[in-house]
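A.B. asks: The following file, data-v5.txt, comprises compact mmCIF, C-alpha atoms:
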# COMPACT_ATOMS: atom_id res chain seq x y z
CA MET C 642 0.00 0.00 0.00
CA PHE C 643 1.33 3.39 -1.02
CA SER C 644 0.35 6.70 0.56
CA SER C 645 0.75 10.23 -0.77
CA SER C 646 3.58 10.72 1.78
CA TYR C 647 5.35 7.81 0.09
CA ALA C 648 4.67 9.52 -3.25
CA ALA C 649 6.43 12.64 -1.93
CA ALA C 650 9.49 10.60 -0.90
CA MET C 651 9.56 8.79 -4.26
CA PHE C 652 9.23 12.08 -6.12
CA LEU C 653 12.42 13.26 -4.40
CA LYS C 654 14.16 9.93 -5.18
CA VAL C 655 13.19 10.04 -8.86
CA ASN C 656 14.43 13.61 -9.09
CA ASN C 657 17.77 12.70 -7.48
CA PHE C 658 17.26 14.92 -4.44
CA PRO C 659 20.80 15.40 -3.04
CA GLN C 660 21.69 13.57 0.19
CA ASP C 661 23.23 16.74 1.63
CA LYS C 662 19.94 18.62 1.30
CA LYS C 663 17.20 18.49 3.91
CA VAL C 664 13.42 18.31 3.74
CA TYR C 665 11.14 20.56 5.80
CA ALA C 666 7.73 19.04 6.54
CA VAL C 667 4.49 20.85 7.29
CA GLY C 668 2.66 17.68 8.15
CA GLU C 669 2.40 14.75 10.51
CA ASP C 670 4.29 11.54 11.24
CA GLY C 671 3.49 9.88 7.91
CA ILE C 672 5.68 12.34 6.04
CA LEU C 673 8.51 12.15 8.59
CA GLU C 674 8.44 8.35 8.47
CA GLU C 675 8.46 8.10 4.68
CA MET C 676 11.31 10.61 4.43
CA ALA C 677 13.35 8.65 6.99
CA LEU C 678 12.66 5.37 5.15
CA ALA C 679 13.83 6.98 1.91
CA GLY C 680 17.02 8.12 3.66
CA PHE C 681 16.30 11.85 3.74
CA THR C 682 16.90 14.18 6.67
CA CYS C 683 13.58 15.75 7.56
CA LEU C 684 12.95 18.77 9.80
CA GLY C 685 9.67 20.15 11.09
CA GLY C 686 6.49 18.12 11.30
CA THR C 687 5.27 17.23 14.77
CA LYS C 688 8.66 18.31 16.18
CA ASP C 689 7.65 21.94 15.52
CA ALA C 690 4.08 21.56 16.82
CA ASP C 691 4.55 23.71 19.90
CA LYS C 692 7.07 26.24 18.59
CA LYS C 693 6.31 29.92 18.94
CA MET C 694 8.13 33.15 18.31
CA GLN C 695 7.81 36.76 19.37
CA LEU C 696 7.33 39.30 16.66
CA LYS C 697 9.33 42.24 17.98
CA PRO C 698 11.84 44.68 16.49
CA GLY C 699 15.21 43.09 15.81
CA PHE C 700 13.82 39.55 15.83
CA LYS C 701 14.93 37.42 12.91
CA PHE C 702 13.66 33.94 12.21
CA GLU C 703 16.60 31.76 11.18
CA HIS C 704 15.96 28.82 8.88
CA ASP C 705 18.22 26.06 7.57
CA LYS C 706 19.68 27.14 4.23
CA SER C 707 20.29 23.50 3.25
CA VAL C 708 16.56 22.72 3.07
CA GLY C 709 15.99 21.83 -0.59
CA ALA C 710 12.37 20.72 -0.42
CA VAL C 711 9.28 21.64 1.58
CA VAL C 712 6.63 18.92 1.75
CA VAL C 713 3.16 19.98 2.86
CA GLY C 714 0.40 17.59 3.87
CA LEU C 715 -2.43 17.36 6.36
CA ASP C 716 -1.26 18.88 9.64
CA GLN C 717 -3.51 19.20 12.68
CA TYR C 718 -0.58 20.91 14.43
CA ILE C 719 -0.27 23.67 11.84
CA ASN C 720 1.04 26.91 13.33
CA TYR C 721 2.57 30.25 12.34
CA TYR C 722 6.09 29.00 13.06
CA LYS C 723 5.78 26.20 10.49
CA ILE C 724 4.17 28.44 7.89
CA GLN C 725 7.03 30.93 8.27
CA TYR C 726 9.67 28.18 8.17
CA ALA C 727 8.20 26.74 4.96
CA THR C 728 7.80 30.22 3.48
CA LEU C 729 11.42 31.23 4.14
CA CYS C 730 12.76 28.00 2.63
CA ILE C 731 10.64 28.33 -0.51
CA ARG C 732 11.27 32.06 -0.93
CA GLU C 733 14.95 32.21 0.02
CA ASN C 734 16.64 28.83 -0.59
CA PRO C 735 17.61 28.73 -4.28
CA GLY C 736 15.84 25.92 -6.13
CA CYS C 737 13.87 24.77 -3.09
CA LEU C 738 10.99 22.48 -4.16
CA PHE C 739 7.44 23.00 -2.89
CA ILE C 740 5.63 19.66 -2.82
CA ALA C 741 2.04 18.94 -1.77
CA THR C 742 1.02 15.40 -0.84
CA ASN C 743 -2.52 16.24 -2.01
CA ARG C 744 -4.95 19.16 -2.02
CA ASP C 745 -8.04 17.60 -0.46
CA ALA C 746 -10.16 20.38 1.04
CA VAL C 747 -11.43 18.18 3.85
CA GLY C 748 -11.04 14.68 5.19
CA HIS C 749 -13.20 12.41 7.30
CA LEU C 750 -10.74 12.34 10.21
CA THR C 751 -13.40 11.41 12.73
CA ASP C 752 -16.55 9.42 11.99
CA LEU C 753 -18.90 12.32 12.71
CA GLN C 754 -17.73 15.22 10.55
CA GLU C 755 -15.35 16.62 7.97
CA TRP C 756 -12.07 18.27 9.03
CA PRO C 757 -9.75 20.62 7.13
CA GLY C 758 -7.56 18.52 4.84
CA ALA C 759 -4.10 18.96 3.34
CA GLY C 760 -5.60 21.46 0.89
CA SER C 761 -5.93 23.93 3.75
CA MET C 762 -2.26 23.70 4.81
CA VAL C 763 -1.07 23.75 1.20
CA ALA C 764 -3.18 26.86 0.56
CA ALA C 765 -1.70 28.64 3.61
CA VAL C 766 1.81 28.14 2.20
CA CYS C 767 0.65 29.14 -1.30
CA GLY C 768 -0.85 32.27 0.27
CA SER C 769 2.41 33.40 1.85
CA THR C 770 4.76 32.33 -0.96
CA GLN C 771 2.48 33.07 -3.90
CA LYS C 772 3.81 29.89 -5.48
CA GLU C 773 1.99 26.77 -6.60
CA PRO C 774 3.14 23.35 -5.39
CA ILE C 775 4.01 20.18 -7.26
CA VAL C 776 1.19 17.77 -6.27
CA VAL C 777 2.40 14.17 -6.00
CA GLY C 778 -0.74 12.48 -4.65
CA LYS C 779 -4.25 12.42 -6.05
CA PRO C 780 -5.25 13.84 -8.56
CA SER C 781 -1.69 13.77 -9.96
CA THR C 782 -0.79 10.52 -11.75
CA PHE C 783 2.84 10.73 -10.56
CA MET C 784 2.36 7.67 -8.34
CA MET C 785 0.90 5.46 -11.07
CA ASP C 786 3.59 6.55 -13.52
CA PHE C 787 6.27 5.86 -10.91
CA LEU C 788 4.99 2.36 -10.03
CA LEU C 789 4.62 1.53 -13.71
CA GLU C 790 8.14 2.65 -14.59
CA ARG C 791 10.01 1.44 -11.51
CA PHE C 792 8.25 -1.84 -10.81
CA GLU C 793 6.59 -2.46 -14.17
CA ILE C 794 3.22 -2.69 -12.50
CA ALA C 795 0.47 -1.95 -15.02
CA THR C 796 -2.25 0.42 -13.80
CA SER C 797 -4.78 -2.38 -14.36
CA ARG C 798 -2.99 -4.25 -11.55
CA MET C 799 -3.11 -1.25 -9.21
CA CYS C 800 -6.03 -0.59 -6.88
CA MET C 801 -7.07 2.91 -5.82
CA VAL C 802 -8.52 2.85 -2.29
CA GLY C 803 -10.70 5.73 -1.11
CA ASP C 804 -13.89 6.80 0.60
CA ARG C 805 -15.32 9.16 -2.03
CA LEU C 806 -17.01 8.22 -5.27
CA ASP C 807 -16.56 11.51 -7.12
CA THR C 808 -12.88 12.02 -6.26
CA ASP C 809 -11.10 8.81 -5.20
CA ILE C 810 -13.03 6.23 -7.18
CA LEU C 811 -13.54 8.38 -10.28
CA PHE C 812 -9.84 9.30 -10.27
CA GLY C 813 -8.81 5.64 -9.93
CA GLN C 814 -11.08 4.65 -12.81
CA ASN C 815 -9.77 7.45 -15.01
CA ALA C 816 -6.20 6.34 -14.29
CA GLY C 817 -7.08 2.79 -15.36
CA CYS C 818 -6.79 1.26 -11.87
CA LYS C 819 -9.01 -1.16 -10.05
CA THR C 820 -10.97 0.69 -7.35
CA LEU C 821 -11.96 -0.15 -3.79
CA LEU C 822 -14.46 1.99 -1.88
CA VAL C 823 -14.25 2.00 1.92
CA LEU C 824 -17.63 2.75 3.48
CA SER C 825 -16.38 3.91 6.87
CA GLY C 826 -15.75 7.41 5.47
CA VAL C 827 -17.80 9.83 3.41
CA THR C 828 -19.77 7.55 1.08
CA THR C 829 -22.49 5.41 2.64
CA LEU C 830 -23.98 2.19 1.27
CA PRO C 831 -27.34 3.86 0.40
CA VAL C 832 -25.47 6.52 -1.63
CA LEU C 833 -23.47 3.83 -3.43
CA GLN C 834 -26.60 1.83 -4.20
CA ASP C 835 -28.75 4.83 -5.12
CA PRO C 836 -29.98 4.46 -8.72
CA ALA C 837 -28.82 8.06 -9.33
CA ASN C 838 -25.21 7.08 -8.65
CA ASN C 839 -23.28 6.17 -11.77
CA ILE C 840 -19.80 5.72 -10.26
CA HIS C 841 -19.28 2.10 -9.32
CA PRO C 842 -16.08 0.80 -7.71
CA ASP C 843 -14.79 -2.68 -8.52
CA TYR C 844 -14.93 -3.54 -4.83
CA TYR C 845 -16.32 -2.07 -1.66
CA THR C 846 -15.84 -2.88 1.99
CA ASN C 847 -17.02 -1.65 5.35
CA ARG C 848 -13.74 -0.99 7.06
CA MET C 849 -10.13 -0.23 6.18
CA SER C 850 -9.08 -3.25 8.25
CA ASP C 851 -10.98 -5.54 5.84
CA ILE C 852 -8.34 -4.69 3.26
CA ILE C 853 -5.69 -6.36 5.39
CA ASP C 854 -7.76 -9.54 5.46
CA LEU C 855 -8.24 -9.31 1.68
CA LEU C 856 -4.50 -8.97 1.13
CA GLU C 857 -3.85 -12.03 3.27
CA LEU C 858 -6.12 -14.30 1.24
CA MET X 1223 -7.00 56.48 10.82
CA PHE X 1224 -8.91 53.48 9.56
CA SER X 1225 -7.63 49.90 9.46
CA SER X 1226 -8.84 46.92 7.47
CA SER X 1227 -10.28 45.50 10.73
CA TYR X 1228 -12.40 48.66 10.94
CA ALA X 1229 -13.40 48.07 7.32
CA ALA X 1230 -14.61 44.58 8.28
CA ALA X 1231 -16.74 46.00 11.11
CA MET X 1232 -18.15 48.72 8.85
CA PHE X 1233 -18.93 46.17 6.16
CA LEU X 1234 -21.10 44.31 8.66
CA LYS X 1235 -22.77 47.58 9.77
CA VAL X 1236 -23.54 48.66 6.19
CA ASN X 1237 -25.00 45.23 5.49
CA ASN X 1238 -27.20 45.38 8.62
CA PHE X 1239 -25.57 42.38 10.28
CA PRO X 1240 -28.15 41.26 12.88
CA GLN X 1241 -27.38 41.97 16.56
CA ASP X 1242 -28.34 38.41 17.51
CA LYS X 1243 -25.70 36.95 15.21
CA LYS X 1244 -22.08 36.51 16.24
CA VAL X 1245 -18.78 36.98 14.48
CA TYR X 1246 -15.99 34.39 14.53
CA ALA X 1247 -12.50 35.86 14.10
CA VAL X 1248 -9.41 34.14 12.77
CA GLY X 1249 -7.16 37.03 13.64
CA GLU X 1250 -5.67 39.13 16.38
CA ASP X 1251 -6.79 41.83 18.80
CA GLY X 1252 -7.43 44.46 16.11
CA ILE X 1253 -10.40 42.54 14.76
CA LEU X 1254 -11.79 41.74 18.24
CA GLU X 1255 -11.52 45.42 19.25
CA GLU X 1256 -13.17 46.77 16.12
CA MET X 1257 -16.02 44.26 16.42
CA ALA X 1258 -16.56 45.22 20.07
CA LEU X 1259 -16.52 48.93 19.20
CA ALA X 1260 -19.11 48.29 16.50
CA GLY X 1261 -21.28 46.46 19.04
CA PHE X 1262 -20.87 42.93 17.68
CA THR X 1263 -20.27 39.79 19.74
CA CYS X 1264 -17.04 38.27 18.54
CA LEU X 1265 -15.70 34.78 19.26
CA GLY X 1266 -12.31 33.31 18.48
CA GLY X 1267 -9.21 35.41 17.84
CA THR X 1268 -6.53 35.30 20.52
CA LYS X 1269 -9.01 33.60 22.89
CA ASP X 1270 -8.66 30.42 20.80
CA ALA X 1271 -4.87 30.64 20.43
CA ASP X 1272 -4.09 27.63 22.62
CA LYS X 1273 -7.09 25.46 21.86
CA LYS X 1274 -6.54 21.91 20.71
CA MET X 1275 -8.68 18.88 20.04
CA GLN X 1276 -8.15 15.16 19.70
CA LEU X 1277 -9.11 13.57 16.43
CA LYS X 1278 -10.51 10.25 17.56
CA PRO X 1279 -13.59 8.17 16.69
CA GLY X 1280 -16.77 9.66 18.09
CA PHE X 1281 -15.29 13.12 18.53
CA LYS X 1282 -17.43 15.93 17.19
CA PHE X 1283 -16.36 19.55 17.09
CA GLU X 1284 -19.27 21.73 18.17
CA HIS X 1285 -19.53 25.26 16.81
CA ASP X 1286 -21.92 28.11 17.53
CA LYS X 1287 -24.79 27.98 15.03
CA SER X 1288 -25.49 31.70 15.56
CA VAL X 1289 -22.20 32.76 13.98
CA GLY X 1290 -23.24 34.75 10.91
CA ALA X 1291 -19.84 36.01 9.77
CA VAL X 1292 -16.27 34.75 9.83
CA VAL X 1293 -13.64 37.48 9.61
CA VAL X 1294 -10.11 36.39 8.70
CA GLY X 1295 -7.02 38.55 9.03
CA LEU X 1296 -3.37 38.23 9.96
CA ASP X 1297 -3.08 35.71 12.81
CA GLN X 1298 0.24 34.67 14.27
CA TYR X 1299 -1.72 32.32 16.55
CA ILE X 1300 -3.34 30.42 13.67
CA ASN X 1301 -4.08 26.80 14.54
CA TYR X 1302 -6.13 23.83 13.38
CA TYR X 1303 -8.88 24.55 15.93
CA LYS X 1304 -9.53 28.00 14.46
CA ILE X 1305 -9.40 26.76 10.87
CA GLN X 1306 -11.98 24.08 11.71
CA TYR X 1307 -14.18 26.54 13.62
CA ALA X 1308 -14.18 28.96 10.70
CA THR X 1309 -14.73 26.13 8.22
CA LEU X 1310 -17.74 24.70 10.07
CA CYS X 1311 -19.38 28.15 10.36
CA ILE X 1312 -18.88 28.91 6.67
CA ARG X 1313 -19.92 25.44 5.48
CA GLU X 1314 -22.79 24.76 7.85
CA ASN X 1315 -24.32 28.03 9.11
CA PRO X 1316 -26.82 29.15 6.44
CA GLY X 1317 -25.85 32.52 4.93
CA CYS X 1318 -22.66 32.86 6.98
CA LEU X 1319 -20.39 35.55 5.47
CA PHE X 1320 -16.70 34.92 4.83
CA ILE X 1321 -14.82 38.22 5.09
CA ALA X 1322 -11.08 38.84 4.60
CA THR X 1323 -9.50 42.01 5.97
CA ASN X 1324 -6.92 41.81 3.18
CA ARG X 1325 -4.97 39.19 1.22
CA ASP X 1326 -1.40 40.43 1.65
CA ALA X 1327 0.96 37.48 1.14
CA VAL X 1328 3.49 38.83 3.61
CA GLY X 1329 3.98 41.74 5.97
CA HIS X 1330 7.03 43.43 7.46
CA LEU X 1331 6.11 42.46 11.04
CA THR X 1332 9.69 42.77 12.26
CA ASP X 1333 12.31 45.09 10.84
CA LEU X 1334 14.51 42.29 9.53
CA GLN X 1335 12.29 40.11 7.36
CA GLU X 1336 8.91 39.37 5.85
CA TRP X 1337 6.35 37.26 7.68
CA PRO X 1338 3.27 35.42 6.41
CA GLY X 1339 0.45 37.94 6.06
CA ALA X 1340 -3.34 37.74 6.18
CA GLY X 1341 -3.27 36.18 2.71
CA SER X 1342 -1.88 33.00 4.25
CA MET X 1343 -4.67 32.64 6.84
CA VAL X 1344 -7.33 33.59 4.29
CA ALA X 1345 -5.96 30.97 1.89
CA ALA X 1346 -6.06 28.27 4.60
CA VAL X 1347 -9.79 28.91 5.10
CA CYS X 1348 -10.37 29.08 1.33
CA GLY X 1349 -8.56 25.75 1.06
CA SER X 1350 -10.86 23.97 3.50
CA THR X 1351 -14.13 25.66 2.49
CA GLN X 1352 -13.44 25.99 -1.24
CA LYS X 1353 -15.11 29.39 -1.03
CA GLU X 1354 -13.74 32.83 -1.86
CA PRO X 1355 -14.00 35.65 0.71
CA ILE X 1356 -15.36 39.16 0.45
CA VAL X 1357 -12.24 41.35 0.76
CA VAL X 1358 -12.93 44.63 2.60
CA GLY X 1359 -9.40 46.05 2.84
CA LYS X 1360 -6.86 46.75 0.14
CA PRO X 1361 -7.20 46.21 -2.85
CA SER X 1362 -10.99 46.46 -2.43
CA THR X 1363 -12.35 50.03 -2.58
CA PHE X 1364 -15.07 49.23 -0.01
CA MET X 1365 -13.44 51.51 2.56
CA MET X 1366 -13.17 54.53 0.26
CA ASP X 1367 -16.74 54.04 -0.94
CA PHE X 1368 -17.92 53.73 2.67
CA LEU X 1369 -16.14 56.87 3.89
CA LEU X 1370 -17.37 58.80 0.86
CA GLU X 1371 -20.97 57.74 1.34
CA ARG X 1372 -21.21 57.83 5.13
CA PHE X 1373 -19.07 60.87 5.93
CA GLU X 1374 -19.02 62.60 2.54
CA ILE X 1375 -15.24 62.53 2.52
CA ALA X 1376 -13.98 62.79 -1.06
CA THR X 1377 -11.19 60.35 -1.94
CA SER X 1378 -8.97 63.35 -2.72
CA ARG X 1379 -9.17 64.17 1.00
CA MET X 1380 -8.24 60.62 2.06
CA CYS X 1381 -4.65 59.50 2.51
CA MET X 1382 -3.52 55.93 1.91
CA VAL X 1383 -0.65 55.03 4.26
CA GLY X 1384 1.60 52.09 3.43
CA ASP X 1385 5.12 50.77 3.13
CA ARG X 1386 5.03 49.39 -0.44
CA LEU X 1387 5.18 51.35 -3.64
CA ASP X 1388 3.70 48.75 -5.97
CA THR X 1389 0.76 47.77 -3.77
CA ASP X 1390 -0.11 50.38 -1.11
CA ILE X 1391 0.93 53.57 -2.90
CA LEU X 1392 -0.16 52.48 -6.38
CA PHE X 1393 -3.52 51.34 -4.97
CA GLY X 1394 -4.00 54.67 -3.16
CA GLN X 1395 -3.20 56.62 -6.29
CA ASN X 1396 -5.56 54.50 -8.40
CA ALA X 1397 -8.33 55.11 -5.87
CA GLY X 1398 -7.75 58.89 -6.14
CA CYS X 1399 -6.35 59.29 -2.60
CA LYS X 1400 -3.35 61.19 -1.32
CA THR X 1401 -0.55 58.76 -0.47
CA LEU X 1402 2.00 58.56 2.33
CA LEU X 1403 4.90 56.14 2.19
CA VAL X 1404 6.41 54.96 5.49
CA LEU X 1405 10.07 54.03 5.07
CA SER X 1406 10.37 51.82 8.15
CA GLY X 1407 8.93 48.88 6.22
CA VAL X 1408 9.63 47.31 2.86
CA THR X 1409 10.52 50.31 0.67
CA THR X 1410 13.81 52.05 1.39
CA LEU X 1411 14.78 55.63 0.52
CA PRO X 1412 17.25 54.51 -2.20
CA VAL X 1413 14.48 52.46 -3.87
CA LEU X 1414 12.10 55.42 -3.68
CA GLN X 1415 14.69 57.78 -5.16
CA ASP X 1416 15.98 55.34 -7.79
CA PRO X 1417 15.50 56.84 -11.26
CA ALA X 1418 13.92 53.50 -12.33
CA ASN X 1419 11.07 54.00 -9.83
CA ASN X 1420 8.02 55.68 -11.33
CA ILE X 1421 5.64 55.41 -8.39
CA HIS X 1422 5.87 58.55 -6.28
CA PRO X 1423 3.84 59.09 -3.10
CA ASP X 1424 2.60 62.56 -2.20
CA TYR X 1425 4.45 62.31 1.12
CA TYR X 1426 6.97 60.06 2.73
CA THR X 1427 8.24 59.70 6.26
CA ASN X 1428 10.70 57.60 8.21
CA ARG X 1429 8.47 56.26 10.94
CA MET X 1430 4.81 55.58 11.60
CA SER X 1431 5.04 57.78 14.70
CA ASP X 1432 5.84 60.77 12.49
CA ILE X 1433 2.26 60.57 11.25
CA ILE X 1434 0.99 61.37 14.73
CA ASP X 1435 3.12 64.52 14.79
CA LEU X 1436 1.86 65.44 11.32
CA LEU X 1437 -1.76 65.05 12.42
CA GLU X 1438 -1.15 67.29 15.41
CA LEU X 1439 0.18 70.18 13.32
Transcribe the structure of this file into structure tokens.
C.D. replies:
Amino acid sequence: MFSSSYAAAMFLKVNNFPQDKKVYAVGEDGILEEMALAGFTCLGGTKDADKKMQLKPGFKFEHDKSVGAVVVGLDQYINYYKIQYATLCIRENPGCLFIATNRDAVGHLTDLQEWPGAGSMVAAVCGSTQKEPIVVGKPSTFMMDFLLERFEIATSRMCMVGDRLDTDILFGQNAGCKTLLVLSGVTTLPVLQDPANNIHPDYYTNRMSDIIDLLEL
Amino acid sequence: MFSSSYAAAMFLKVNNFPQDKKVYAVGEDGILEEMALAGFTCLGGTKDADKKMQLKPGFKFEHDKSVGAVVVGLDQYINYYKIQYATLCIRENPGCLFIATNRDAVGHLTDLQEWPGAGSMVAAVCGSTQKEPIVVGKPSTFMMDFLLERFEIATSRMCMVGDRLDTDILFGQNAGCKTLLVLSGVTTLPVLQDPANNIHPDYYTNRMSDIIDLLEL
């Protein structure tokens, strides 16, 4: 299973991101973990969750000049410190990449309501840098292209897993993948089975954990 | 002197914002003060600076259904709690207004560097709501129109104060106002006097405090 954080790490690999450069993450543990697995030094993330600064005359925010990529994803610990850190790297470090894991407006982070998604954090950094990111997750096909090229896995053998018919499942179908709808998120069984719905996944399941059982068959 | 926070309060006044509705602020004390002066009940702002929540199954974020306007400005205490509060009001409270004091990407909040401006916070809320705000400050002419209509002050008698030639001063000139450049911010005297510069304010001064002396003459 491949996440959009993994896509961000693979994007850096494919583009020969230098080992002496660092990554700054506005995001959570998924990004930090994928960067570590890929062998990159990653700053920020949850480590900067409680950082503050005082805006007063003479105060200068110092950032690491060796940061060569900023990766932005969903971050429930977003703060002004991280936005400024990302902004300084993107604006002042020559050639610094600005990568978004995805631009989802909201996500179903609890079972009762929608919560601001990575699109909110990405937009905050776009707002201060006035630059647009490279998007490596949905709806970019970077991941499919990468898996096809590196592992020779045809898209017809890939499966897009998601909880939304009109984004996840439609995107997977358009990319030529198999699709699996998880019903514990946004889309409910009545919506899926409604005669008005014309987006049909190849598979659907009640819970994410069912996928593990499926894979073990 | 009128700020963009004042513009936000006056926008609500002009549009007969009901007294039984509340305002939610993603911003700092300026917005809270202007809302209080205008007689509106304002939630959020610095009062929500340290608020957190736990994203776990069964957790529901409750927001005040009587919030009828969300005002977003520069907020160095931006956090996920405030973004979610603003998002829920805008997405779920029928008719709720989404107002931006301005969309400046960055501001010269300390004398040594640029810092993320209101444009960053506004973008974060746009990112999660997928809605565009009503902008009441620069570059909207709402404020000039309001002062002209309410106090019969011609734009030629207004003075736009700012620290940037290509945004503040150019905007003021285009709106038909007098313009005053403050040199303690982004634009330096050499830049102003460079023969390549073709934007010339009516007045310029070294420090904001000089304006007070000017007004007392």
A.B. asks: Which residue, X:Leu1369, X:Leu1296, X:Ala1247, X:Met1275, has the smallest gap to X:Phe1320 when you use all atoms listed in the file?
C.D. replies: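 Of X:Leu1369, X:Leu1296, X:Ala1247, X:Met1275, the one nearest X:Phe1320 is X:Ala1247, counting all atoms listed in the file.
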A.B. asks: Considering only C-alpha atoms, can you say which of C:Thr846, C:Thr828, C:Ser781, C:Gln771 comes closest to chain X?
C.D. replies: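 Counting only C-alpha atoms, the residue closest to chain X is C:Gln771.
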A.B. asks: Taking only C-alpha atoms into account, report as number ranges by chain which residues of chain X lie within 10 Å of chain C.
C.D. replies: X: 1271-1272, 1274-1283, 1297-1303, 1305-1307, 1309-1310, 1325-1329, 1331-1352
A.B. asks: Could you tell me how far atom CA of X:Met1366 lies from atom CA of X:Val1289, in Å and to one decimal?
C.D. replies: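 Interatomic distance, atom CA of X:Met1366 to atom CA of X:Val1289: 27.3 Å.
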A.B. asks: C:Leu821, C:Val827, C:Cys730, C:Ile810: which is nearest C:Asn839, counting all atoms listed in the file?
C.D. replies: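 Closest to C:Asn839, using all atoms listed in the file: C:Ile810.
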A.B. asks: C:Leu833: which residues within 10 Å, counting only C-alpha atoms, same-chain residues fewer than 6 positions away excluded, as a PyMOL selection string?
C.D. replies: chain C and resi 805-806+822+824+839-842+845
A.B. asks: Could you state the separation of atom CA of X:Val1383 and atom CA of X:Ala1229 in Å, given to one decimal place?
C.D. replies: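 Separation between atom CA of X:Val1383 and atom CA of X:Ala1229: 14.8 Å.
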A.B. asks: Which residue, C:Asp843, C:Asp804, C:Glu675, C:Asp809, has the smallest gap to C:Val823 when you use only C-alpha atoms?
C.D. replies: C:Asp804
A.B. asks: Residues near C:Val777, anyone? I mean within 12 Å using only C-alpha atoms, not counting same-chain ones fewer than 3 positions away, as a VMD selection string.
C.D. replies: chain C and resid 643 to 653 655 712 to 714 739 to 744 774 780 to 787
A.B. asks: List every residue of stretch 801-839 of chain C that has an atom at most 12 Å from any atom of stretch 789-796 of chain C, and for each one report the closest atom pair and its distance in Å to one decimal, counting only C-alpha atoms, with rows sorted by chain and then by increasing residue number, as JSON lines.
C.D. replies:
{"residue": "C:Met801", "atom": "CA", "partner": "C:Thr796", "partner_atom": "CA", "distance": 9.6}
{"residue": "C:Gly813", "atom": "CA", "partner": "C:Thr796", "partner_atom": "CA", "distance": 9.2}
{"residue": "C:Gln814", "atom": "CA", "partner": "C:Thr796", "partner_atom": "CA", "distance": 9.8}
{"residue": "C:Asn815", "atom": "CA", "partner": "C:Thr796", "partner_atom": "CA", "distance": 10.4}
{"residue": "C:Ala816", "atom": "CA", "partner": "C:Thr796", "partner_atom": "CA", "distance": 7.1}
{"residue": "C:Gly817", "atom": "CA", "partner": "C:Thr796", "partner_atom": "CA", "distance": 5.6}
{"residue": "C:Cys818", "atom": "CA", "partner": "C:Thr796", "partner_atom": "CA", "distance": 5.0}
{"residue": "C:Lys819", "atom": "CA", "partner": "C:Thr796", "partner_atom": "CA", "distance": 7.9}
{"residue": "C:Thr820", "atom": "CA", "partner": "C:Thr796", "partner_atom": "CA", "distance": 10.8}
A.B. asks: Keeping only C-alpha atoms, write the selected residues as a tab-separated table (two decimals), keeping the file's coordinate frame.
C.D. replies:
chain	number	residue	atom	x	y	z
C	801	MET	CA	-7.07	2.91	-5.82
C	813	GLY	CA	-8.81	5.64	-9.93
C	814	GLN	CA	-11.08	4.65	-12.81
C	815	ASN	CA	-9.77	7.45	-15.01
C	816	ALA	CA	-6.20	6.34	-14.29
C	817	GLY	CA	-7.08	2.79	-15.36
C	818	CYS	CA	-6.79	1.26	-11.87
C	819	LYS	CA	-9.01	-1.16	-10.05
C	820	THR	CA	-10.97	0.69	-7.35
A.B. asks: Compare C:Arg798, C:Gln834, C:Ala727, C:Ile853 by their minimum atom-to-atom distance to C:Glu703, counting all atoms listed in the file, and give me the closest one.
C.D. replies: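 Between C:Arg798, C:Gln834, C:Ala727, C:Ile853, the residue approaching C:Glu703 most closely is C:Ala727.
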A.B. asks: In Å, with one decimal, what is the gap from atom CA of C:Lys706 to atom CA of C:Gly668?
C.D. replies: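 Calculated distance between atom CA of C:Lys706 and atom CA of C:Gly668 is 19.9 Å.
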A.B. asks: Each side padded by 3 Å, which centre and which edge lengths in Å (one decimal) define the axis-aligned box around the listed atoms of stretch 760-774 of chain C? Give them as AutoDock Vina command-line options.
C.D. replies:
--center_x -0.6 --center_y 27.4 --center_z -0.9 --size_x 16.7 --size_y 17.9 --size_z 17.4
A.B. asks: Can you tell me which residues surround C:Ala710 at a distance of at most 7 Å, considering all atoms listed in the file, apart from same-chain residues fewer than 5 positions away, and format the answer as a list in words?
C.D. replies: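 Once the nearby chain positions are removed, what remains is Lys663, Val664, Tyr665, Cys737, Leu738 and Phe739 of chain C.
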